[in-house]
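**Student:** What follows is a structure written as structure tokens; I'll ask about it next.
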Amino acid sequence: MKEQLQSFLDIATEAALAGGAELQRYLGKIEDSIIEKGRPGDLVTAADKASEAVILDIFSRHLPQHAILSEESGELGNQDNKYLWAIDPLDGTTNFAHQYPAFAVSIGLLIDGVPEVGVIYDPFHNELFRAAKGLGATCEFNSASRSPIRVSQTNELSKSLLVTGFAYDRRETSDNNYAEFCYFTHLTQGVRRSGSASLDLAHVACGRVDGYWERGLSPWDIAAGIIILREAGGMVTAYDNSPLNISSGRILATNGHIHNAVSKELMNTPPLSSWGEH
Ligand code: IPD
Ligand code: CA
Ligand code: CA
Ligand code: CA
């Protein structure tokens with residue numbers, strides 16, 4: 001089983017690096033190809049598509065029997081397949097379109113619905129985060145040697161740094177994360193918003209931030225990050241600390257030490273209207 005997971009990890013790595021090379025090639029050259037997909041601000045570019053094309057080509061050559069759920073091409077193959085790859089060819093499209101350096105390729109394998117292999121490649125910083133169940137989590141910088149990664153040791157909310165994101169439907173729904181963002185800014189040393197969910201998870205895994213929560217996500221945003229974080233010693237659940245349903249759109253991911261505290265405050269976030277009083 002470990003050999004099989006390792007071979008899946010190798011294929012996912014080849015695909016993520018190939019997708020990342022496409023992103024590097026297109027960076028700063030996509031102005032004419034930026035399209036809004038529906039909601040204002042929900043973009044897709046030639047780079048998303050070019051990255052996805054090379055990734056899908058690698059999977060069709062190496063693992064044609066597996067199913068795929070990829071952001072721009074949707075469902076490929078029977079989605080009830082034991083092996084389902086959740087692929088985000090460019091996570092952080094808005095950043096990419098503005099040449100803001102926080103974007104990645106994210107490729108995760110769900111086996112019977114559970115993330116077991118994950119690769120997140122940040123081509124701008126040349127960082128490659130990888131993990132497979134039971135094999136540990138690593139990061140390679142500038143293609144140099146692979147270092148094991150671990151979550152931070154921070155165990156007090158007041159000493160923690162968190163990261164979050166805002167879903168594309170934030171203008172249309174009152175459940176838009178603004179109250180939580182304010183509340184945790186007040187409770188912690190700070191809250192960041194990177195614009196790339198997969199990098200947020202990778203950065204919890206390697207201890208740069210202590211926790212992450214977000215709503216409105218898709219499996220391709222988080223499948224890889226979940227296994228990388230779990231293998232790095234972190235914890236991933238629903239907001240209320242119950243087992244995660246990867247299709248629910250919501251995730252709470254931390255170093256484990258502050259998990260209960262973040263969950264408790266998430267469930268008790270005061271409404272935004274009360275913030276004038278603080
Ligand atoms: C988005 C990014 C962002 C998150 C959004 C995602 P995309 O993915 O991960 O950080 O806040 O919810 O949809 O569209 O750039 O692949
Ligand atoms: Ca998108
Ligand atoms: Ca994404
Ligand atoms: Ca994307």
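A note on labels: chains of the structure tokens are A, B, ... as shown, every chain counts residues from 1, and ligands are counted from 1 in their shown order.
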Report as an mmCIF file with C-alpha atoms, in the first residue's frame all protein, DNA and RNA residues lying within 10 Å of stretch 96-103 of chain A, evaluated on only C-alpha atoms, omitting residues in the same chain fewer than 6 positions from it.

**Tutor:**
```
data_model
loop_
_atom_site.group_PDB
_atom_site.id
_atom_site.type_symbol
_atom_site.label_atom_id
_atom_site.label_comp_id
_atom_site.auth_asym_id
_atom_site.auth_seq_id
_atom_site.Cartn_x
_atom_site.Cartn_y
_atom_site.Cartn_z
ATOM 1 C CA GLY A 20 3.372 25.227 -12.052
ATOM 2 C CA LEU A 23 1.788 29.295 -14.413
ATOM 3 C CA GLN A 24 5.325 30.697 -14.413
ATOM 4 C CA TYR A 26 1.933 32.863 -18.164
ATOM 5 C CA LEU A 27 2.676 35.151 -15.204
ATOM 6 C CA GLY A 28 2.259 38.770 -16.314
ATOM 7 C CA LYS A 29 1.029 37.723 -19.777
ATOM 8 C CA ILE A 30 -2.656 36.981 -19.288
ATOM 9 C CA GLU A 31 -4.335 40.385 -19.449
ATOM 10 C CA SER A 33 -7.560 36.264 -21.234
ATOM 11 C CA ILE A 34 -9.080 37.259 -17.863
ATOM 12 C CA LEU A 43 -11.976 34.912 -12.514
ATOM 13 C CA VAL A 44 -10.549 32.357 -14.894
ATOM 14 C CA THR A 45 -7.566 32.948 -17.172
ATOM 15 C CA ALA A 47 -3.131 30.189 -17.185
ATOM 16 C CA ASP A 48 -5.790 28.215 -15.229
ATOM 17 C CA PRO A 89 -4.743 23.950 -11.514
ATOM 18 C CA LEU A 90 -4.405 27.515 -10.206
ATOM 19 C CA ILE A 120 0.799 21.768 -3.351
ATOM 20 C CA TYR A 121 3.292 23.577 -5.557
ATOM 21 C CA ASP A 122 3.967 27.298 -5.194
ATOM 22 C CA PRO A 123 5.888 28.075 -8.392
ATOM 23 C CA PHE A 124 6.666 31.716 -7.569
ATOM 24 C CA HIS A 125 8.598 30.783 -4.418
ATOM 25 C CA SER A 194 -3.651 35.219 1.419
ATOM 26 C CA GLY A 195 -6.169 34.449 -1.353
ATOM 27 C CA SER A 196 -4.991 30.872 -1.819
ATOM 28 C CA ALA A 197 -6.719 28.236 0.315
ATOM 29 C CA SER A 198 -4.194 25.512 -0.516
ATOM 30 C CA LEU A 199 -1.251 27.696 0.529
ATOM 31 C CA ASP A 200 -3.123 28.615 3.716
#
```

**Student:** Quick one: residues within 6 Å of stretch 229-238 of chain A, only C-alpha atoms counted, chain neighbours fewer than 4 positions away excluded, as a list in words?

**Tutor:**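 Answer for this query is Gly136, Ala137, Ile149, Arg150, Val151, Ala205, Gly225, Ser242, Pro243, Leu244, Ile251, Leu252, Ala253, Thr254, Asn255 and Gly256 of chain A.
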
**Student:** So, with only C-alpha atoms as the atoms that count, which of A:Met1, A:Gly118, A:Ser145, A:Ala21 lies closest to A:Ala132?

**Tutor:**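 Under the stated criterion, the closest residue is A:Gly118.
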
**Student:** Just list as a PyMOL selection string whatever in stretch 5-82 of chain A DSSP marks as strand (DSSP E or B).

**Tutor:** chain A and resi 35-36+43-44+67-70+74-76

**Student:** Just checking: using only C-alpha atoms, which residue out of A:Pro148, A:Pro270, A:Gly19, A:Gly113 ends up closest to A:Asn245?

**Tutor:**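 Distance minimum relative to A:Asn245 lands on A:Gly113.
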
**Student:** Using only C-alpha atoms, which residues sit within 12 Å of stretch 175-187 of chain A once same-chain residues fewer than 3 positions away are excluded, as a PyMOL selection string?

**Tutor:** chain A and resi 156-172+190-193+211-216+239+250+261-276+278

**Student:** The selected residues should be written to file as a compact mmCIF listing (two decimals), in the first residue's frame (atoms: N, CA and C atoms).

**Tutor:**
```txt
# COMPACT_ATOMS: atom_id res chain seq x y z
N GLU A 156 -1.75 29.02 22.71
CA GLU A 156 -2.70 30.01 23.24
C GLU A 156 -3.22 30.85 22.08
N LEU A 157 -4.52 31.03 22.05
CA LEU A 157 -5.14 31.82 20.98
C LEU A 157 -4.54 33.23 20.94
N SER A 158 -4.30 33.80 22.12
CA SER A 158 -3.82 35.18 22.19
C SER A 158 -2.40 35.32 21.61
N LYS A 159 -1.70 34.20 21.44
CA LYS A 159 -0.34 34.26 20.87
C LYS A 159 -0.30 33.74 19.44
N SER A 160 -1.47 33.48 18.88
CA SER A 160 -1.50 32.81 17.57
C SER A 160 -1.67 33.80 16.41
N LEU A 161 -1.25 33.33 15.24
CA LEU A 161 -1.50 34.03 13.97
C LEU A 161 -2.39 33.11 13.13
N LEU A 162 -3.52 33.64 12.67
CA LEU A 162 -4.46 32.83 11.89
C LEU A 162 -4.53 33.36 10.46
N VAL A 163 -5.10 32.54 9.59
CA VAL A 163 -5.34 32.98 8.21
C VAL A 163 -6.74 32.51 7.82
N THR A 164 -7.40 33.28 6.98
CA THR A 164 -8.74 32.91 6.52
C THR A 164 -8.93 33.35 5.08
N GLY A 165 -10.13 33.21 4.56
CA GLY A 165 -10.44 33.65 3.21
C GLY A 165 -11.89 34.07 3.14
N PHE A 166 -12.23 34.73 2.05
CA PHE A 166 -13.61 35.19 1.85
C PHE A 166 -14.12 34.60 0.54
N ALA A 167 -15.24 33.87 0.62
CA ALA A 167 -15.77 33.20 -0.56
C ALA A 167 -16.25 34.21 -1.60
N TYR A 168 -16.35 33.75 -2.85
CA TYR A 168 -16.76 34.65 -3.94
C TYR A 168 -18.19 35.15 -3.77
N ASP A 169 -19.03 34.41 -3.01
CA ASP A 169 -20.42 34.85 -2.84
C ASP A 169 -20.59 35.81 -1.66
N ARG A 170 -19.48 36.37 -1.17
CA ARG A 170 -19.54 37.18 0.05
C ARG A 170 -20.46 38.39 -0.06
N ARG A 171 -20.66 38.89 -1.28
CA ARG A 171 -21.52 40.07 -1.44
C ARG A 171 -22.99 39.69 -1.40
N GLU A 172 -23.27 38.39 -1.65
CA GLU A 172 -24.66 37.96 -1.78
C GLU A 172 -25.20 37.28 -0.53
N GLY A 190 -3.12 38.31 15.11
CA GLY A 190 -3.48 38.81 13.78
C GLY A 190 -4.15 37.75 12.94
N VAL A 191 -4.87 38.22 11.91
CA VAL A 191 -5.50 37.32 10.94
C VAL A 191 -5.06 37.77 9.55
N ARG A 192 -4.55 36.85 8.76
CA ARG A 192 -4.11 37.15 7.40
C ARG A 192 -5.13 36.62 6.40
N ARG A 193 -5.12 37.18 5.17
CA ARG A 193 -5.94 36.65 4.09
C ARG A 193 -5.02 36.57 2.86
N GLY A 211 -3.41 28.53 12.50
CA GLY A 211 -4.72 28.00 12.20
C GLY A 211 -5.36 28.71 11.02
N TYR A 212 -6.39 28.06 10.46
CA TYR A 212 -7.06 28.54 9.25
C TYR A 212 -8.51 28.09 9.29
N TRP A 213 -9.41 28.98 8.91
CA TRP A 213 -10.82 28.56 8.73
C TRP A 213 -11.36 29.29 7.51
N GLU A 214 -12.31 28.67 6.85
CA GLU A 214 -12.95 29.32 5.70
C GLU A 214 -14.22 28.58 5.34
N ARG A 215 -15.16 29.29 4.71
CA ARG A 215 -16.38 28.68 4.18
C ARG A 215 -16.42 28.90 2.66
N GLY A 216 -17.29 28.15 1.98
CA GLY A 216 -17.49 28.35 0.55
C GLY A 216 -16.40 27.70 -0.30
N TYR A 239 -16.31 23.28 11.58
CA TYR A 239 -16.20 24.41 12.53
C TYR A 239 -16.50 23.97 13.97
N ARG A 250 -16.89 24.06 4.32
CA ARG A 250 -16.29 24.71 5.51
C ARG A 250 -15.18 23.86 6.08
N ALA A 261 -10.04 25.83 21.10
CA ALA A 261 -10.29 27.26 21.38
C ALA A 261 -10.84 27.96 20.14
N VAL A 262 -10.25 27.67 18.96
CA VAL A 262 -10.74 28.33 17.74
C VAL A 262 -12.16 27.87 17.45
N SER A 263 -12.40 26.58 17.59
CA SER A 263 -13.73 26.04 17.31
C SER A 263 -14.78 26.71 18.22
N LYS A 264 -14.45 26.81 19.50
CA LYS A 264 -15.40 27.39 20.46
C LYS A 264 -15.73 28.84 20.08
N GLU A 265 -14.71 29.62 19.75
CA GLU A 265 -14.95 31.02 19.41
C GLU A 265 -15.67 31.15 18.06
N LEU A 266 -15.36 30.25 17.13
CA LEU A 266 -16.06 30.28 15.83
C LEU A 266 -17.56 30.07 16.02
N MET A 267 -17.89 29.17 16.95
CA MET A 267 -19.29 28.85 17.19
C MET A 267 -20.00 29.95 17.99
N ASN A 268 -19.20 30.86 18.57
CA ASN A 268 -19.78 31.93 19.41
C ASN A 268 -19.41 33.32 18.93
N THR A 269 -19.16 33.47 17.65
CA THR A 269 -18.75 34.77 17.13
C THR A 269 -19.88 35.78 17.27
N PRO A 270 -19.63 36.92 17.92
CA PRO A 270 -20.69 37.93 18.03
C PRO A 270 -20.99 38.55 16.67
N PRO A 271 -22.22 39.01 16.45
CA PRO A 271 -22.56 39.60 15.15
C PRO A 271 -21.73 40.86 14.88
N LEU A 272 -21.54 41.14 13.62
CA LEU A 272 -20.72 42.28 13.20
C LEU A 272 -21.24 43.58 13.81
N SER A 273 -22.56 43.67 13.94
CA SER A 273 -23.17 44.92 14.45
C SER A 273 -22.67 45.26 15.85
N SER A 274 -22.18 44.25 16.61
CA SER A 274 -21.73 44.51 17.99
C SER A 274 -20.31 45.07 18.01
N TRP A 275 -19.63 45.14 16.86
CA TRP A 275 -18.22 45.52 16.87
C TRP A 275 -17.97 46.99 17.16
N GLY A 276 -18.98 47.83 16.96
CA GLY A 276 -18.85 49.23 17.33
C GLY A 276 -18.59 49.41 18.82
N HIS A 278 -16.67 47.52 20.70
CA HIS A 278 -15.37 47.02 21.18
C HIS A 278 -14.28 48.07 21.06
```

**Student:** Tell me, in Å to one decimal, how far atom CA of A:Arg39 is from atom 12 (O, counted along the ligand's line) of ligand 1.

**Tutor:** 12.3 Å

**Student:** Determine, for each residue of chain A having at least one atom at most 6 Å from an atom of ligand 3, the closest pair of atoms and their separation in Å to one decimal, counting only C-alpha atoms and all ligand atoms; order by chain and ascending number, as a tab-separated table.

**Tutor:**
```
residue	atom	partner	partner_atom_place_in_ligand_line	distance
A:Asp88	CA	ligand 3	1 (Ca)	5.8
A:Asp91	CA	ligand 3	1 (Ca)	4.0
A:Asp221	CA	ligand 3	1 (Ca)	4.4
```

**Student:** Would you please give, as a VMD selection string, all residues of stretch 2-81 of chain A that DSSP assigns to helix (DSSP H, G or I) based on the backbone?

**Tutor:** chain A and resid 2 to 26 31 to 33 46 to 62

**Student:** Take the residues from that selection and write them out as a CSV table (one decimal), in the first residue's frame, keeping N, CA and C atoms.

**Tutor:**
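The resulting file, selection-v5.csv, is shown below:
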```csv
chain,number,residue,atom,x,y,z
A,2,LYS,N,2.0,1.2,0.8
A,2,LYS,CA,2.8,2.4,0.9
A,2,LYS,C,3.5,2.7,-0.5
A,3,GLU,N,3.9,1.6,-1.2
A,3,GLU,CA,4.5,1.7,-2.5
A,3,GLU,C,3.5,2.3,-3.5
A,4,GLN,N,2.2,1.9,-3.3
A,4,GLN,CA,1.2,2.4,-4.2
A,4,GLN,C,1.0,3.9,-4.0
A,5,LEU,N,0.9,4.3,-2.7
A,5,LEU,CA,0.7,5.7,-2.3
A,5,LEU,C,1.9,6.5,-2.8
A,6,GLN,N,3.1,6.0,-2.7
A,6,GLN,CA,4.3,6.7,-3.2
A,6,GLN,C,4.3,6.9,-4.7
A,7,SER,N,3.8,5.9,-5.4
A,7,SER,CA,3.7,6.1,-6.8
A,7,SER,C,2.7,7.1,-7.2
A,8,PHE,N,1.5,7.1,-6.5
A,8,PHE,CA,0.5,8.2,-6.8
A,8,PHE,C,1.1,9.5,-6.4
A,9,LEU,N,1.9,9.6,-5.4
A,9,LEU,CA,2.5,10.9,-5.0
A,9,LEU,C,3.5,11.3,-6.1
A,10,ASP,N,4.3,10.4,-6.6
A,10,ASP,CA,5.2,10.8,-7.7
A,10,ASP,C,4.5,11.3,-8.9
A,11,ILE,N,3.4,10.7,-9.3
A,11,ILE,CA,2.6,11.2,-10.5
A,11,ILE,C,2.0,12.5,-10.2
A,12,ALA,N,1.4,12.7,-9.0
A,12,ALA,CA,0.9,14.0,-8.6
A,12,ALA,C,1.9,15.1,-8.6
A,13,THR,N,3.1,14.7,-8.2
A,13,THR,CA,4.2,15.7,-8.2
A,13,THR,C,4.6,16.1,-9.6
A,14,GLU,N,4.7,15.1,-10.4
A,14,GLU,CA,5.1,15.4,-11.8
A,14,GLU,C,4.0,16.4,-12.4
A,15,ALA,N,2.7,16.1,-12.1
A,15,ALA,CA,1.6,16.9,-12.7
A,15,ALA,C,1.7,18.3,-12.1
A,16,ALA,N,1.9,18.4,-10.7
A,16,ALA,CA,1.9,19.8,-10.1
A,16,ALA,C,3.1,20.6,-10.6
A,17,LEU,N,4.2,20.0,-10.8
A,17,LEU,CA,5.4,20.8,-11.3
A,17,LEU,C,5.1,21.2,-12.7
A,18,ALA,N,4.5,20.4,-13.5
A,18,ALA,CA,4.2,20.7,-14.9
A,18,ALA,C,3.2,21.9,-15.0
A,19,GLY,N,2.1,21.8,-14.1
A,19,GLY,CA,1.2,22.9,-14.0
A,19,GLY,C,1.8,24.1,-13.6
A,20,GLY,N,2.7,24.0,-12.6
A,20,GLY,CA,3.4,25.2,-12.1
A,20,GLY,C,4.3,25.9,-13.1
A,21,ALA,N,4.9,25.1,-14.0
A,21,ALA,CA,5.7,25.6,-15.0
A,21,ALA,C,4.9,26.5,-16.0
A,22,GLU,N,3.6,26.0,-16.2
A,22,GLU,CA,2.7,26.8,-17.1
A,22,GLU,C,2.4,28.1,-16.4
A,23,LEU,N,2.1,28.1,-15.1
A,23,LEU,CA,1.8,29.3,-14.4
A,23,LEU,C,2.9,30.3,-14.5
A,24,GLN,N,4.2,29.8,-14.3
A,24,GLN,CA,5.3,30.7,-14.4
A,24,GLN,C,5.4,31.3,-15.8
A,25,ARG,N,5.1,30.5,-16.8
A,25,ARG,CA,5.2,30.9,-18.2
A,25,ARG,C,4.2,32.0,-18.5
A,26,TYR,N,3.0,31.9,-17.9
A,26,TYR,CA,1.9,32.9,-18.2
A,26,TYR,C,1.9,34.1,-17.3
A,31,GLU,N,-3.3,39.3,-19.5
A,31,GLU,CA,-4.3,40.4,-19.4
A,31,GLU,C,-5.5,40.2,-20.4
A,32,ASP,N,-5.3,39.7,-21.6
A,32,ASP,CA,-6.3,39.6,-22.6
A,32,ASP,C,-7.2,38.4,-22.3
A,33,SER,N,-6.8,37.5,-21.4
A,33,SER,CA,-7.6,36.3,-21.2
A,33,SER,C,-8.3,36.2,-19.9
A,46,ALA,N,-6.2,32.2,-19.1
A,46,ALA,CA,-5.6,31.2,-19.9
A,46,ALA,C,-4.6,30.4,-19.1
A,47,ALA,N,-4.1,30.9,-18.0
A,47,ALA,CA,-3.1,30.2,-17.2
A,47,ALA,C,-3.8,29.0,-16.4
A,48,ASP,N,-5.0,29.3,-15.9
A,48,ASP,CA,-5.8,28.2,-15.2
A,48,ASP,C,-5.9,27.0,-16.2
A,49,LYS,N,-6.3,27.4,-17.5
A,49,LYS,CA,-6.6,26.4,-18.4
A,49,LYS,C,-5.4,25.6,-18.9
A,50,ALA,N,-4.3,26.4,-19.1
A,50,ALA,CA,-3.0,25.8,-19.6
A,50,ALA,C,-2.5,24.8,-18.5
A,51,SER,N,-2.5,25.3,-17.3
A,51,SER,CA,-2.1,24.4,-16.2
A,51,SER,C,-2.9,23.1,-16.1
A,52,GLU,N,-4.2,23.3,-16.2
A,52,GLU,CA,-5.1,22.2,-16.1
A,52,GLU,C,-4.9,21.2,-17.3
A,53,ALA,N,-4.6,21.7,-18.5
A,53,ALA,CA,-4.4,20.8,-19.6
A,53,ALA,C,-3.2,19.9,-19.4
A,54,VAL,N,-2.1,20.5,-19.0
A,54,VAL,CA,-0.9,19.6,-18.8
A,54,VAL,C,-1.1,18.6,-17.7
A,55,ILE,N,-1.8,19.0,-16.6
A,55,ILE,CA,-2.1,18.1,-15.5
A,55,ILE,C,-3.0,17.0,-15.9
A,56,LEU,N,-4.1,17.3,-16.6
A,56,LEU,CA,-5.0,16.3,-17.0
A,56,LEU,C,-4.3,15.3,-18.0
A,57,ASP,N,-3.4,15.8,-18.8
A,57,ASP,CA,-2.7,15.0,-19.8
A,57,ASP,C,-1.8,13.9,-19.0
A,58,ILE,N,-1.2,14.4,-18.0
A,58,ILE,CA,-0.3,13.5,-17.2
A,58,ILE,C,-1.2,12.4,-16.5
A,59,PHE,N,-2.3,12.8,-16.0
A,59,PHE,CA,-3.2,11.8,-15.3
A,59,PHE,C,-3.8,10.8,-16.4
A,60,SER,N,-4.2,11.3,-17.6
A,60,SER,CA,-4.8,10.4,-18.5
A,60,SER,C,-3.7,9.4,-19.0
A,61,ARG,N,-2.5,9.8,-19.0
A,61,ARG,CA,-1.4,8.8,-19.4
A,61,ARG,C,-1.1,7.8,-18.3
A,62,HIS,N,-1.0,8.3,-17.1
A,62,HIS,CA,-0.5,7.4,-16.0
A,62,HIS,C,-1.6,6.7,-15.3
```

**Student:** Grab the atom CA of A:Cys206 to atom 4 (C, counted along the ligand's line) of ligand 1 distance for me, in Å with one decimal place.

**Tutor:** 19.4 Å

**Student:** Could you state the separation of atom CA of A:Ala202 and atom CA of A:Asn95 in Å, given to one decimal place?

**Tutor:**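 Going from atom CA of A:Ala202 over to atom CA of A:Asn95, I get 17.0 Å.
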
**Student:** Can you pull out the residues contacting A:Gly108? Cut-off 8 Å, using only C-alpha atoms, and skip same-chain residues under 6 positions away; I want them as a PyMOL selection string.

**Tutor:** chain A and resi 12+85-87+115-119+220+222-225

**Student:** So that I have them on file, write out the residues from the current selection with N, CA and C atoms, as a compact mmCIF listing (two decimals), in the first residue's frame.

**Tutor:**
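The new file again-v7.txt reads:
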```
# COMPACT_ATOMS: atom_id res chain seq x y z
N ALA A 12 1.45 12.70 -8.97
CA ALA A 12 0.87 14.00 -8.62
C ALA A 12 1.94 15.08 -8.60
N TRP A 85 -9.29 12.19 -7.89
CA TRP A 85 -8.30 13.26 -7.77
C TRP A 85 -9.02 14.60 -7.80
N ALA A 86 -8.81 15.41 -6.77
CA ALA A 86 -9.38 16.76 -6.69
C ALA A 86 -8.27 17.74 -7.07
N ILE A 87 -8.47 18.43 -8.20
CA ILE A 87 -7.38 19.21 -8.80
C ILE A 87 -7.75 20.68 -8.93
N PRO A 115 -8.86 12.16 1.97
CA PRO A 115 -7.60 12.60 1.36
C PRO A 115 -6.42 11.75 1.86
N GLU A 116 -5.68 11.15 0.90
CA GLU A 116 -4.55 10.30 1.30
C GLU A 116 -3.24 10.70 0.64
N VAL A 117 -3.32 11.49 -0.45
CA VAL A 117 -2.10 11.96 -1.13
C VAL A 117 -2.33 13.43 -1.45
N GLY A 118 -1.31 14.25 -1.26
CA GLY A 118 -1.47 15.67 -1.58
C GLY A 118 -0.18 16.32 -2.02
N VAL A 119 -0.29 17.18 -3.04
CA VAL A 119 0.85 17.96 -3.50
C VAL A 119 0.36 19.39 -3.72
N TRP A 220 -11.43 20.65 -4.41
CA TRP A 220 -10.13 20.87 -5.07
C TRP A 220 -9.29 21.92 -4.33
N ILE A 222 -8.98 22.09 -1.05
CA ILE A 222 -8.50 21.64 0.27
C ILE A 222 -8.04 20.19 0.35
N ALA A 223 -8.34 19.37 -0.66
CA ALA A 223 -8.02 17.93 -0.54
C ALA A 223 -6.54 17.71 -0.26
N ALA A 224 -5.66 18.35 -1.04
CA ALA A 224 -4.22 18.16 -0.86
C ALA A 224 -3.78 18.71 0.50
N GLY A 225 -4.27 19.89 0.84
CA GLY A 225 -3.85 20.53 2.09
C GLY A 225 -4.25 19.74 3.32
```
